[in-house]
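Participant: The structure file work-v1.txt (compact mmCIF, C-alpha atoms and all ligand atoms) is provided below.
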# COMPACT_ATOMS: atom_id res chain seq x y z
CA MET A 132 -16.86 -7.01 -4.74
CA ARG A 133 -17.90 -3.48 -3.78
CA LYS A 134 -15.13 -0.92 -3.53
CA ILE A 135 -15.56 1.01 -0.32
CA ILE A 136 -14.53 4.49 0.86
CA ILE A 137 -12.18 4.59 3.85
CA ALA A 138 -11.76 7.94 5.67
CA ILE A 139 -8.83 8.41 8.06
CA ASP A 140 -8.78 11.60 10.12
CA GLY A 141 -6.72 12.76 13.05
CA PRO A 142 -4.27 15.34 14.39
CA ALA A 143 -0.89 16.23 12.87
CA ALA A 144 1.70 13.47 12.54
CA SER A 145 -0.53 10.78 14.03
CA GLY A 146 0.59 8.26 11.40
CA LYS A 147 -2.34 8.72 9.04
CA SER A 148 -0.48 9.01 5.77
CA THR A 149 1.95 6.09 6.29
CA THR A 150 -0.92 3.87 7.38
CA ALA A 151 -3.41 5.05 4.76
CA ARG A 152 -0.92 4.61 1.92
CA GLU A 153 -0.08 1.05 2.94
CA VAL A 154 -3.71 0.05 3.58
CA ALA A 155 -4.55 1.34 0.09
CA ARG A 156 -1.66 -0.56 -1.48
CA ARG A 157 -2.65 -3.87 0.14
CA LEU A 158 -6.31 -3.47 -0.85
CA ARG A 159 -5.30 -2.29 -4.35
CA TYR A 160 -7.12 0.95 -3.64
CA THR A 161 -6.07 4.53 -4.39
CA TYR A 162 -4.57 6.60 -1.60
CA ILE A 163 -5.53 10.28 -1.55
CA ASP A 164 -3.56 12.64 0.68
CA SER A 165 -5.89 15.62 1.19
CA GLY A 166 -3.32 17.49 3.30
CA ALA A 167 -0.97 17.65 0.30
CA MET A 168 -3.55 19.83 -1.45
CA TYR A 169 -3.65 22.44 1.36
CA ARG A 170 0.14 22.26 1.48
CA ALA A 171 0.38 23.02 -2.25
CA VAL A 172 -1.88 26.07 -1.91
CA THR A 173 0.34 27.30 0.94
CA LEU A 174 3.46 26.83 -1.18
CA LYS A 175 1.87 28.78 -4.03
CA ALA A 176 0.93 31.68 -1.73
CA LEU A 177 4.47 31.85 -0.28
CA ARG A 178 6.01 31.79 -3.76
CA GLU A 179 3.70 34.53 -5.01
CA ASN A 180 4.30 36.66 -1.91
CA VAL A 181 0.60 36.58 -1.14
CA SER A 182 -0.13 36.82 2.58
CA VAL A 183 -1.55 33.52 3.85
CA HIS A 184 -4.01 35.66 5.86
CA ASP A 185 -5.48 37.30 2.75
CA ASN A 186 -8.47 34.99 2.27
CA ASP A 187 -9.64 36.45 -1.03
CA LYS A 188 -6.25 36.39 -2.72
CA VAL A 189 -5.43 32.89 -1.47
CA THR A 190 -8.85 31.61 -2.62
CA LYS A 191 -8.18 33.06 -6.07
CA LEU A 192 -4.79 31.33 -6.19
CA ALA A 193 -6.42 28.03 -5.14
CA SER A 194 -9.12 28.32 -7.79
CA GLU A 195 -6.50 28.79 -10.52
CA LEU A 196 -4.31 25.92 -9.35
CA ASP A 197 -4.14 22.71 -11.34
CA LEU A 198 -3.50 19.98 -8.72
CA LYS A 199 -2.93 16.33 -9.63
CA LEU A 200 -2.14 13.47 -7.25
CA ARG A 201 -0.44 10.37 -8.63
CA SER A 202 0.86 7.20 -6.99
CA HIS A 203 4.33 6.07 -7.95
CA ASP A 204 6.45 3.39 -6.20
CA CYS A 205 4.20 3.59 -3.10
CA LYS A 206 4.82 7.35 -2.96
CA THR A 207 2.30 10.08 -3.64
CA ILE A 208 3.45 12.60 -6.18
CA ILE A 209 1.65 15.92 -6.23
CA TYR A 210 1.83 18.08 -9.32
CA MET A 211 1.07 21.78 -9.05
CA ASN A 212 0.56 23.29 -12.51
CA GLY A 213 2.59 20.35 -13.85
CA GLU A 214 5.52 20.77 -11.40
CA ASP A 215 6.33 17.95 -8.97
CA VAL A 216 6.17 19.69 -5.56
CA SER A 217 5.96 16.52 -3.40
CA GLU A 218 9.11 17.35 -1.40
CA LYS A 219 8.74 21.13 -1.39
CA ILE A 220 5.41 20.97 0.44
CA ARG A 221 6.80 19.00 3.41
CA THR A 222 8.98 21.57 5.15
CA PRO A 223 8.71 23.32 8.53
CA GLU A 224 8.04 26.59 6.61
CA ILE A 225 4.88 25.13 5.06
CA ASP A 226 3.85 23.64 8.45
CA GLN A 227 4.20 27.08 10.04
CA ASN A 228 2.13 28.88 7.39
CA ILE A 229 -0.57 26.35 6.53
CA SER A 230 -3.12 26.96 9.31
CA PRO A 231 -4.68 30.18 7.92
CA VAL A 232 -4.85 28.58 4.46
CA ALA A 233 -6.61 25.50 5.85
CA ALA A 234 -9.03 27.73 7.80
CA ASN A 235 -9.91 29.75 4.69
CA PRO A 236 -13.54 28.85 3.76
CA GLY A 237 -13.02 29.64 0.07
CA VAL A 238 -10.00 27.33 -0.15
CA ARG A 239 -11.82 24.58 1.76
CA ALA A 240 -14.83 24.71 -0.56
CA ILE A 241 -12.59 24.27 -3.62
CA MET A 242 -10.55 21.44 -2.08
CA VAL A 243 -13.53 19.55 -0.66
CA LYS A 244 -15.16 19.59 -4.10
CA LYS A 245 -12.00 18.23 -5.75
CA GLN A 246 -11.57 15.56 -3.04
CA HIS A 247 -15.15 14.44 -3.37
CA ALA A 248 -14.83 14.11 -7.15
CA MET A 249 -11.58 12.14 -6.78
CA GLY A 250 -13.07 9.56 -4.43
CA GLU A 251 -16.77 9.21 -5.10
CA ALA A 252 -16.37 6.07 -7.26
CA GLY A 253 -14.97 4.24 -4.18
CA GLY A 254 -11.87 2.08 -3.85
CA ILE A 255 -10.06 4.87 -2.01
CA VAL A 256 -8.37 5.59 1.29
CA MET A 257 -8.34 9.35 1.99
CA ASP A 258 -6.68 10.96 4.99
CA GLY A 259 -7.11 14.43 6.48
CA ARG A 260 -9.06 16.32 9.13
CA ASP A 261 -12.62 16.50 7.77
CA ILE A 262 -12.86 13.47 5.51
CA GLY A 263 -15.33 11.52 7.67
CA THR A 264 -17.31 14.63 8.62
CA ILE A 265 -17.46 16.86 5.51
CA VAL A 266 -15.89 15.27 2.44
CA PHE A 267 -17.41 11.77 2.82
CA PRO A 268 -19.95 11.82 5.68
CA ASP A 269 -21.26 8.49 4.30
CA ALA A 270 -17.84 6.79 4.11
CA ASP A 271 -18.07 3.03 4.70
CA LEU A 272 -15.27 3.02 7.27
CA LYS A 273 -14.10 5.97 9.36
CA ILE A 274 -10.98 5.89 11.50
CA PHE A 275 -9.91 8.65 13.88
CA MET A 276 -6.23 8.21 14.60
CA ILE A 277 -4.66 9.72 17.69
CA ALA A 278 -1.33 9.54 19.56
CA SER A 279 0.30 11.57 22.33
CA VAL A 280 1.85 14.90 21.25
CA ARG A 281 5.31 13.73 22.39
CA GLU A 282 5.12 10.53 20.35
CA ARG A 283 3.92 12.44 17.30
CA ALA A 284 6.74 14.98 17.66
CA ILE A 285 9.33 12.17 17.88
CA ARG A 286 7.94 10.60 14.68
CA ARG A 287 7.84 13.91 12.76
CA LYS A 288 11.39 14.81 13.88
CA LYS A 289 12.63 11.45 12.56
CA GLU A 290 10.82 12.00 9.26
CA LEU A 291 12.37 15.45 8.84
CA GLU A 292 15.83 14.18 9.79
CA GLN A 293 15.64 11.53 7.08
CA LYS A 294 15.25 14.40 4.64
CA GLY A 295 18.25 16.22 6.08
CA ILE A 296 16.19 18.79 8.02
CA LYS A 297 17.47 19.29 11.58
CA ILE A 298 14.99 20.65 14.14
CA ASP A 299 14.61 20.60 17.95
CA LEU A 300 12.13 18.12 19.41
CA GLU A 301 10.62 20.95 21.49
CA GLU A 302 10.11 23.05 18.38
CA VAL A 303 8.44 20.17 16.48
CA GLU A 304 6.17 19.55 19.47
CA LYS A 305 5.25 23.23 19.66
CA ASP A 306 4.48 23.37 15.91
CA ILE A 307 2.33 20.24 16.06
CA ASP A 308 0.45 21.47 19.09
CA TYR A 309 -0.15 24.90 17.54
CA ARG A 310 -1.39 23.39 14.27
CA ASP A 311 -3.74 21.03 16.15
CA GLN A 312 -5.25 23.91 18.12
CA GLN A 313 -5.81 25.87 14.91
CA ASP A 314 -7.35 22.80 13.22
CA ILE A 315 -9.66 22.06 16.17
CA ASN A 316 -10.85 25.63 16.68
CA ARG A 317 -11.49 26.77 13.12
CA HIS A 318 -15.01 27.36 11.96
CA HIS A 319 -14.96 25.50 8.63
CA GLY A 320 -14.03 21.81 8.43
CA PRO A 321 -12.48 21.58 11.91
CA LEU A 322 -10.56 18.54 13.12
CA LEU A 323 -13.38 16.54 14.67
CA LYS A 324 -14.10 12.89 15.35
CA SER A 325 -17.21 11.86 13.46
CA HIS A 326 -19.80 10.19 15.75
CA ASP A 327 -19.47 6.94 13.80
CA ALA A 328 -15.65 6.92 13.55
CA ILE A 329 -13.54 4.26 15.26
CA GLU A 330 -10.82 5.78 17.41
CA LEU A 331 -7.37 4.24 17.09
CA ASP A 332 -4.68 5.32 19.57
CA THR A 333 -1.34 4.59 17.90
CA THR A 334 0.94 5.80 20.74
CA ARG A 335 2.01 2.25 21.55
CA LEU A 336 1.37 0.59 18.21
CA THR A 337 3.87 -0.21 15.49
CA VAL A 338 3.07 0.89 11.95
CA GLU A 339 2.40 -2.75 11.00
CA GLU A 340 -0.05 -3.13 13.91
CA GLN A 341 -1.90 0.02 12.82
CA ILE A 342 -2.13 -1.24 9.26
CA GLN A 343 -3.39 -4.67 10.39
CA LYS A 344 -6.12 -3.17 12.58
CA ILE A 345 -7.49 -1.03 9.77
CA LEU A 346 -7.18 -3.82 7.18
CA GLU A 347 -9.17 -6.13 9.45
CA LEU A 348 -11.97 -3.55 9.77
CA ALA A 349 -11.87 -2.79 6.04
CA ARG A 350 -12.05 -6.45 4.98
CA HIS A 351 -14.99 -7.01 7.28
CA LYS A 352 -16.79 -4.00 5.73
CA ILE A 353 -16.00 -5.15 2.20
CA GLU A 354 -17.32 -8.67 2.88
CA THR A 355 -20.50 -7.53 4.63
CA SER A 356 -21.50 -4.58 2.47
O1 LIG B 1 1.10 15.01 8.12
P1 LIG B 1 0.44 16.10 8.88
O2 LIG B 1 -0.67 15.60 9.71
O3 LIG B 1 1.40 16.97 9.61
O4 LIG B 1 -0.13 17.10 7.83
P2 LIG B 1 -1.17 16.95 6.65
O5 LIG B 1 -2.11 15.83 6.85
O6 LIG B 1 -0.40 17.03 5.37
O7 LIG B 1 -2.00 18.32 6.85
C1 LIG B 1 -1.37 19.57 6.89
C2 LIG B 1 -2.38 20.62 7.32
O8 LIG B 1 -3.40 20.74 6.33
C3 LIG B 1 -3.13 20.34 8.64
O9 LIG B 1 -2.52 20.90 9.77
C4 LIG B 1 -4.49 20.97 8.40
O10 LIG B 1 -4.49 22.31 8.82
C5 LIG B 1 -4.66 20.95 6.90
N1 LIG B 1 -5.62 19.93 6.43
C6 LIG B 1 -6.95 20.24 6.48
O11 LIG B 1 -7.31 21.31 6.94
N2 LIG B 1 -7.89 19.38 6.00
C7 LIG B 1 -7.53 18.21 5.50
N3 LIG B 1 -8.47 17.39 5.01
C8 LIG B 1 -6.17 17.83 5.48
C9 LIG B 1 -5.22 18.73 5.96
Take the structure in this file and express it as structure tokens.
Facilitator:
Amino acid sequence: MRKIIIAIDGPAASGKSTTAREVARRLRYTYIDSGAMYRAVTLKALRENVSVHDNDKVTKLASELDLKLRSHDCKTIIYMNGEDVSEKIRTPEIDQNISPVAANPGVRAIMVKKQHAMGEAGGIVMDGRDIGTIVFPDADLKIFMIASVRERAIRRKKELEQKGIKIDLEEVEKDIDYRDQQDINRHHGPLLKSHDAIELDTTRLTVEEQIQKILELARHKIETS
């Protein structure tokens, strides 16, 4: 049976990664979290005291970075130059500094190339902002996941709290909204629904319902392609 490419895009904290990871597991596909790669570059810049606004320096850092994504116990582990940075990249500090890194055309070119190489053989579920538009414009199945800002903020706050990070709901909502605006308005690889993507509003869906909807579409594609 042919192994398809599934692209899941959408705004911050819309449930992409939880859903994508589980869809991949049930199909025995590989899940690729493209956001983790931009997060790792941001972490590297902060550690090296390189301004996230210095496009040339950040591009150089990105080009020298050895990034590896591995799946372990249903979790994605990201290694940056051999160091497991999976937890360190998911903090409010990274969220607040990532937008200029993600808007940097040099960084995007490097990451898109890596992402394309990782997934071109098929049998993958990749989530991000530009997967259905730039990374895999010919993906077999494209989902654009949305949810209200309030609902997304509630989900992200819960996620952070589980990791012991306390933050105001208003602040989470402001961060999410800011990041979305930056993602939508940037010139290179903006957050954009591909014309052939299926929109899925998850505001009133449970995680299991989201997973089932995408699995149904994926199985249909696999059987008919
Ligand atoms: O989970 P959440 O949606 O908050 O974040 P993420 O998917 O890990 O992405 C973090 C940031 O990386 C986003 O706000 C985007 O600016 C950027 N990103 C991107 O530009 N392109 C991608 N394919 C994935 C993420």
Participant: Could you produce a table of the residues of range 161-210 of chain A lying within 10 Å of range 258-279 of chain A, with the nearest pair of atoms per residue and their separation in Å rounded to one decimal, using only C-alpha atoms, ordered by chain and increasing residue number, as a Markdown table?
Facilitator:
| residue | atom | partner | partner_atom | distance |
| --- | --- | --- | --- | --- |
| A:Tyr162 | CA | A:Asp258 | CA | 8.2 |
| A:Ile163 | CA | A:Asp258 | CA | 6.7 |
| A:Asp164 | CA | A:Asp258 | CA | 5.6 |
| A:Ser165 | CA | A:Gly259 | CA | 5.6 |
| A:Gly166 | CA | A:Gly259 | CA | 5.8 |
| A:Ala167 | CA | A:Gly259 | CA | 9.3 |
Participant: Using all atoms listed in the file, I'd like a table of the residues in range 316-353 of chain A that come within 12 Å of range 248-257 of chain A; for each, show the closest atom pair and its distance in Å rounded to one decimal, ordered by chain and ascending number, as a Markdown table.
Facilitator:
| residue | atom | partner | partner_atom | distance |
| --- | --- | --- | --- | --- |
| A:Ile345 | CA | A:Val256 | CA | 10.8 |
| A:Leu346 | CA | A:Val256 | CA | 11.2 |
| A:Ala349 | CA | A:Val256 | CA | 10.2 |
| A:Ile353 | CA | A:Gly254 | CA | 10.3 |
Participant: Which chain A residues have any atom within 8 Å of an atom of ligand LIG 1 (chain B), and for each, what is the nearest pair of atoms with distance in Å to one decimal, counting all atoms listed in the file, rows sorted by chain and number, as CSV?
Facilitator:
residue,atom,partner,partner_atom,distance
A:Asp140,CA,B:LIG1,N3,7.7
A:Gly141,CA,B:LIG1,O2,7.5
A:Pro142,CA,B:LIG1,O2,5.9
A:Ala143,CA,B:LIG1,O2,3.2
A:Ala144,CA,B:LIG1,O2,4.3
A:Ser145,CA,B:LIG1,O2,6.5
A:Gly146,CA,B:LIG1,O1,7.5
A:Lys147,CA,B:LIG1,O2,7.1
A:Ser148,CA,B:LIG1,O1,6.6
A:Asp164,CA,B:LIG1,O5,7.1
A:Ser165,CA,B:LIG1,C8,4.8
A:Gly166,CA,B:LIG1,C9,3.5
A:Ala167,CA,B:LIG1,O6,5.1
A:Met168,CA,B:LIG1,C8,7.7
A:Tyr169,CA,B:LIG1,O8,5.3
A:Arg170,CA,B:LIG1,O8,6.2
A:Arg221,CA,B:LIG1,O6,7.7
A:Asp226,CA,B:LIG1,C1,6.8
A:Ile229,CA,B:LIG1,C2,6.1
A:Ser230,CA,B:LIG1,O10,4.9
A:Pro231,CA,B:LIG1,O10,7.9
A:Val232,CA,B:LIG1,O10,7.6
A:Ala233,CA,B:LIG1,O11,4.4
A:Ala234,CA,B:LIG1,O11,6.7
A:Arg239,CA,B:LIG1,O11,7.6
A:Val243,CA,B:LIG1,N3,7.9
A:Asp258,CA,B:LIG1,N3,6.7
A:Gly259,CA,B:LIG1,N3,3.6
A:Arg260,CA,B:LIG1,N3,4.3
A:Asp261,CA,B:LIG1,N3,5.1
A:Ile262,CA,B:LIG1,N3,5.9
A:Arg287,CA,B:LIG1,O3,7.8
A:Ile307,CA,B:LIG1,O3,7.3
A:Arg310,CA,B:LIG1,O9,5.3
A:Asp311,CA,B:LIG1,O9,6.5
A:Gln313,CA,B:LIG1,O10,7.2
A:Asp314,CA,B:LIG1,O10,5.3
A:Gly320,CA,B:LIG1,O11,6.9
A:Pro321,CA,B:LIG1,O11,7.2
A:Leu322,CA,B:LIG1,O11,7.5
Participant: How many Å separate CA of Arg201 in chain A from CA of Ile342 in chain A?
Facilitator: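 About the pair CA of Arg201 in chain A and CA of Ile342 in chain A: they are 21.4 Å apart.
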Participant: For Lys219 in chain A, which residue out of A:Asn180, A:Thr333, A:Gln341, A:Thr173 is the nearest one, using all atoms listed in the file?
Facilitator: A:Thr173
Participant: Extract, using only C-alpha atoms, all DNA, RNA and protein residues at most 9 Å from Lys191 in chain A, discarding same-chain residues fewer than 5 positions from it, and format them as a PyMOL selection string.
Facilitator: chain A and resi 186+196+237-238
Participant: What does the distance from CA of Lys199 in chain A to CA of Met242 in chain A come to in Å, to one decimal?
Facilitator: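 Computed distance, CA of Lys199 in chain A to CA of Met242 in chain A, equals 11.9 Å.
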Participant: Would you compute the distance between CA of Val189 in chain A and CA of Ser202 in chain A? Give it in Å to one decimal.
Facilitator: 27.0 Å
Participant: Using all atoms listed in the file, can you tell me which of A:Met211, A:Glu354, A:Glu304, A:Thr149 comes closest to Arg283 in chain A?
Facilitator: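 Residue with the minimum atom-to-atom distance to Arg283 in chain A: A:Glu304.
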Participant: Please give the centre and size of the box around range 273-289 of chain A (axis-aligned, containing every atom listed in the file, 3 Å added per side), with values in Å to one decimal and written as JSON.
Facilitator:
{"center_x": -0.7, "center_y": 10.4, "center_z": 15.9, "size_x": 32.7, "size_y": 15.1, "size_z": 19.0}
Participant: Ranking A:Ser194, A:Ser182, A:Thr161, A:Gln227 by minimum distance to Thr207 in chain A and counting all atoms listed in the file, which one comes first?
Facilitator: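 Looking at the shortest contact to Thr207 in chain A, the residue is A:Thr161.
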Participant: Render range 208-276 of chain A from the structure in the preceding block as a file of C-alpha atoms, as an mmCIF file, in the first residue's frame.
Facilitator:
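Wrote out08.cif, looks like this:
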data_model
loop_
_atom_site.group_PDB
_atom_site.id
_atom_site.type_symbol
_atom_site.label_atom_id
_atom_site.label_comp_id
_atom_site.auth_asym_id
_atom_site.auth_seq_id
_atom_site.Cartn_x
_atom_site.Cartn_y
_atom_site.Cartn_z
ATOM 1 C CA ILE A 208 12.948 13.867 20.961
ATOM 2 C CA ILE A 209 14.953 16.590 19.279
ATOM 3 C CA TYR A 210 18.722 16.488 19.431
ATOM 4 C CA MET A 211 20.701 19.659 18.818
ATOM 5 C CA ASN A 212 24.371 18.842 18.242
ATOM 6 C CA GLY A 213 23.725 15.584 20.113
ATOM 7 C CA GLU A 214 22.017 17.222 23.138
ATOM 8 C CA ASP A 215 18.389 16.362 23.932
ATOM 9 C CA VAL A 216 16.683 19.795 23.961
ATOM 10 C CA SER A 217 13.063 18.541 23.708
ATOM 11 C CA GLU A 218 11.968 20.227 26.953
ATOM 12 C CA LYS A 219 14.202 23.288 26.732
ATOM 13 C CA ILE A 220 12.621 24.417 23.459
ATOM 14 C CA ARG A 221 9.068 24.530 24.888
ATOM 15 C CA THR A 222 9.212 27.513 27.213
ATOM 16 C CA PRO A 223 7.536 30.938 27.134
ATOM 17 C CA GLU A 224 11.009 32.455 26.521
ATOM 18 C CA ILE A 225 11.366 30.524 23.253
ATOM 19 C CA ASP A 226 7.751 31.396 22.292
ATOM 20 C CA GLN A 227 8.516 35.082 22.822
ATOM 21 C CA ASN A 228 11.707 35.060 20.731
ATOM 22 C CA ILE A 229 10.882 32.658 17.904
ATOM 23 C CA SER A 230 8.980 34.924 15.484
ATOM 24 C CA PRO A 231 12.010 36.765 13.990
ATOM 25 C CA VAL A 232 13.840 33.435 13.645
ATOM 26 C CA ALA A 233 10.874 31.879 11.818
ATOM 27 C CA ALA A 234 10.616 34.951 9.557
ATOM 28 C CA ASN A 235 14.314 34.766 8.634
ATOM 29 C CA PRO A 236 14.505 33.681 4.945
ATOM 30 C CA GLY A 237 17.943 32.097 5.369
ATOM 31 C CA VAL A 238 16.768 29.965 8.288
ATOM 32 C CA ARG A 239 13.583 28.975 6.439
ATOM 33 C CA ALA A 240 15.502 27.861 3.350
ATOM 34 C CA ILE A 241 17.717 25.577 5.459
ATOM 35 C CA MET A 242 14.819 24.115 7.455
ATOM 36 C CA VAL A 243 12.523 23.589 4.454
ATOM 37 C CA LYS A 244 15.307 21.663 2.702
ATOM 38 C CA LYS A 245 15.843 19.430 5.758
ATOM 39 C CA GLN A 246 12.087 18.874 6.184
ATOM 40 C CA HIS A 247 11.664 17.958 2.548
ATOM 41 C CA ALA A 248 14.502 15.434 2.725
ATOM 42 C CA MET A 249 13.053 13.904 5.915
ATOM 43 C CA GLY A 250 9.620 13.302 4.411
ATOM 44 C CA GLU A 251 9.931 12.809 0.678
ATOM 45 C CA ALA A 252 9.805 8.993 0.885
ATOM 46 C CA GLY A 253 6.255 9.273 2.326
ATOM 47 C CA GLY A 254 4.727 7.575 5.358
ATOM 48 C CA ILE A 255 4.910 10.821 7.333
ATOM 49 C CA VAL A 256 2.697 13.272 9.162
ATOM 50 C CA MET A 257 4.370 16.696 9.354
ATOM 51 C CA ASP A 258 2.928 19.693 11.176
ATOM 52 C CA GLY A 259 3.790 23.382 10.931
ATOM 53 C CA ARG A 260 2.761 26.572 9.148
ATOM 54 C CA ASP A 261 3.948 26.093 5.555
ATOM 55 C CA ILE A 262 3.959 22.327 5.118
ATOM 56 C CA GLY A 263 1.041 22.173 2.661
ATOM 57 C CA THR A 264 2.118 25.333 0.831
ATOM 58 C CA ILE A 265 5.939 25.287 0.648
ATOM 59 C CA VAL A 266 7.477 22.103 2.051
ATOM 60 C CA PHE A 267 5.083 19.600 0.420
ATOM 61 C CA PRO A 268 2.794 21.460 -2.017
ATOM 62 C CA ASP A 269 1.914 18.035 -3.492
ATOM 63 C CA ALA A 270 1.083 16.389 -0.149
ATOM 64 C CA ASP A 271 -1.636 13.727 -0.495
ATOM 65 C CA LEU A 272 -3.682 15.099 2.394
ATOM 66 C CA LYS A 273 -3.599 18.652 3.738
ATOM 67 C CA ILE A 274 -5.349 19.697 6.929
ATOM 68 C CA PHE A 275 -5.620 23.275 8.186
ATOM 69 C CA MET A 276 -6.432 23.157 11.876
#
